[in-house]
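What follows is one structure encoded as structure tokens, with my remarks underneath.
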Amino acid sequence: MRFLSGLVGAAILASTADASIITATFNNVGPGSGGAFSLDGGANWNNTGAAGHFNWTRTGGNYLGAQGNFMSFCCELTEHIGGGSTYNFNVVPLDQGTDSIGGMGLAKADLINELFGRYYSPSFGSVLTADRATAMQLSIWEIVYENSATGPRSIATGNAMFTNDNAGAMALAELYLASLDGSGPRATDLAVMSAGGAQDQIIPAPGTIALAGLAGLCFRRRR
């Protein structure tokens with residue numbers, strides 16, 4: 001059993017080490033809707049562009065997740081990406097995402113894991129409605145950019161504030177944020193595409209099916 005555990009552990013570490021780079025072309029945001037944000041309590045406002053599902057096409061890299069055409073959510077408001085442009089990203093743990101602020105940290109990452117665990121399949125297996133996709137995106141931005149991970153969370157108050165053309169999505173985001181009390185289910189397969197000078201993006205991480213299959217293979221070889 002020690003030999004088996006060592007093989008599986010080594011395989012997991014090797015997969016993690018190899019799955020570090022992704023090259024992808026940004027296509028568009030959709031479904032989603034436009035709005036504005038303030039990071040200084042409403043003193044100054046900037047355009048968010050569209051908030052919702054970010055749609056990509058994988059073109060290279062050795063990361064094991066996010067294959068083919070895949071979706072993401074932005075977790076970095078102060079850097080930008082352009083439609084039709086291709087980017088090289090490092091894939092990092094969720095808490096290290098948003099490199100322009102030195103990473104969101106474990107507490108905010110836990111809130112995002114709960115957000116996904118409550119309201120969205122962590123495998124990103126389906127396209128959300130415009131209301132839900134926009135609400136997810138607004139909620140992520142509020143969590144990442146609010147001063148504290150423990151204080152009240154609202155897109156209408158605090159350090160980070162947001163408006164959006166979709167009033168229904170704004171109301172839904174408030175409901176999502178109010179429900180994050182630490183008791184909900186957590187997503188376990190989120191990662192971040194991170195690159196200096198380009199918006200960091202939350203993406204699906206590889207699931208456990210491949211690793212489970214690998215464990216079975218190791219067991220058969222041991223026998």
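Order determines the names: the first chain of the structure tokens is A, the second B, and so forth; residues in each chain are numbered 1 upward, and ligands are numbered 1 upward as they are shown.
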Applying 6 Å and only C-alpha atoms, which residues near Thr23 of chain A remain after dropping the ones on its own chain fewer than 3 positions away? List them as a compact mmCIF listing (two decimals) with all heavy atoms, in the first residue's frame.
```
# COMPACT_ATOMS: atom_id res chain seq x y z
N THR A 59 -5.54 27.04 -27.80
CA THR A 59 -4.64 26.89 -28.94
C THR A 59 -3.32 26.21 -28.58
O THR A 59 -2.53 25.88 -29.47
CB THR A 59 -4.33 28.25 -29.59
OG1 THR A 59 -3.72 29.11 -28.63
CG2 THR A 59 -5.60 28.90 -30.13
N GLY A 60 -3.04 26.03 -27.29
CA GLY A 60 -1.77 25.40 -26.94
C GLY A 60 -1.57 25.33 -25.44
O GLY A 60 -2.46 25.65 -24.65
N GLY A 61 -0.37 24.89 -25.06
CA GLY A 61 -0.03 24.77 -23.65
C GLY A 61 -0.19 23.35 -23.15
O GLY A 61 -0.74 22.48 -23.84
N TYR A 87 -3.38 34.77 -25.89
CA TYR A 87 -2.59 35.05 -24.69
C TYR A 87 -1.96 33.77 -24.15
O TYR A 87 -2.55 32.69 -24.25
CB TYR A 87 -3.48 35.66 -23.60
CG TYR A 87 -4.12 36.97 -24.01
CD1 TYR A 87 -5.34 36.99 -24.66
CD2 TYR A 87 -3.48 38.18 -23.76
CE1 TYR A 87 -5.93 38.18 -25.05
CE2 TYR A 87 -4.06 39.38 -24.14
CZ TYR A 87 -5.28 39.38 -24.79
OH TYR A 87 -5.86 40.55 -25.18
N ASN A 88 -0.78 33.92 -23.58
CA ASN A 88 -0.12 32.84 -22.85
C ASN A 88 -0.30 33.08 -21.36
O ASN A 88 0.10 34.13 -20.84
CB ASN A 88 1.37 32.79 -23.19
CG ASN A 88 1.62 32.42 -24.63
OD1 ASN A 88 1.05 31.46 -25.15
ND2 ASN A 88 2.47 33.18 -25.30
```
Using only C-alpha atoms, determine which residues lie at most 7 Å from segment 41-53 of chain A, disregarding the query and same-chain residues fewer than 6 positions distant; provide the list as a PDB file with C-alpha atoms, in the first residue's frame.
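New file around_4.pdb:
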```
ATOM      1  CA  VAL A  29     -18.306  37.750 -23.642  1.00  0.00           C
ATOM      2  CA  GLY A  30     -21.728  36.190 -23.830  1.00  0.00           C
ATOM      3  CA  PRO A  31     -24.199  35.913 -22.420  1.00  0.00           C
ATOM      4  CA  GLY A  32     -23.633  39.030 -20.372  1.00  0.00           C
ATOM      5  CA  SER A  33     -24.313  42.752 -20.156  1.00  0.00           C
ATOM      6  CA  GLY A  34     -22.404  46.011 -19.726  1.00  0.00           C
ATOM      7  CA  GLY A  35     -21.922  48.228 -16.721  1.00  0.00           C
ATOM      8  CA  MET A  71     -15.626  29.493 -20.616  1.00  0.00           C
ATOM      9  CA  SER A  72     -14.209  31.595 -17.802  1.00  0.00           C
ATOM     10  CA  PHE A  73     -15.029  34.446 -15.459  1.00  0.00           C
ATOM     11  CA  ALA A 133     -23.871  34.822 -15.895  1.00  0.00           C
ATOM     12  CA  THR A 134     -23.836  38.555 -15.151  1.00  0.00           C
ATOM     13  CA  GLN A 137     -19.427  37.913 -12.653  1.00  0.00           C
ATOM     14  CA  GLY A 158     -18.494  49.568   0.231  1.00  0.00           C
ATOM     15  CA  ASN A 159     -15.154  50.066  -1.447  1.00  0.00           C
ATOM     16  CA  ALA A 160     -16.095  48.076  -4.570  1.00  0.00           C
ATOM     17  CA  MET A 161     -19.360  49.138  -6.227  1.00  0.00           C
TER      18      MET A 161
END
```
> Nearest to Leu138 of chain A among A:Glu174, A:Tyr63, A:Ser126, A:Tyr120, with distances taken over only C-alpha atoms: which residue is it?
Replying inline: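 Counting only C-alpha atoms, the residue closest to Leu138 of chain A is A:Glu174.
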>> So that I can check the secondary structure, give me every residue of chain A assigned strand (DSSP E) by backbone DSSP, as number ranges by chain.
In response: A: 21-38, 46-61, 69-74, 86-93, 161-164, 190-195, 198-204
>> Among segment 106-195 of chain A, which residues does DSSP mark as helix (DSSP H, G or I) when it is run on the backbone? Keep the chain and numbering as in the structure and answer as a PyMOL selection string.
In response: chain A and resi 106-119+130-145+167-179
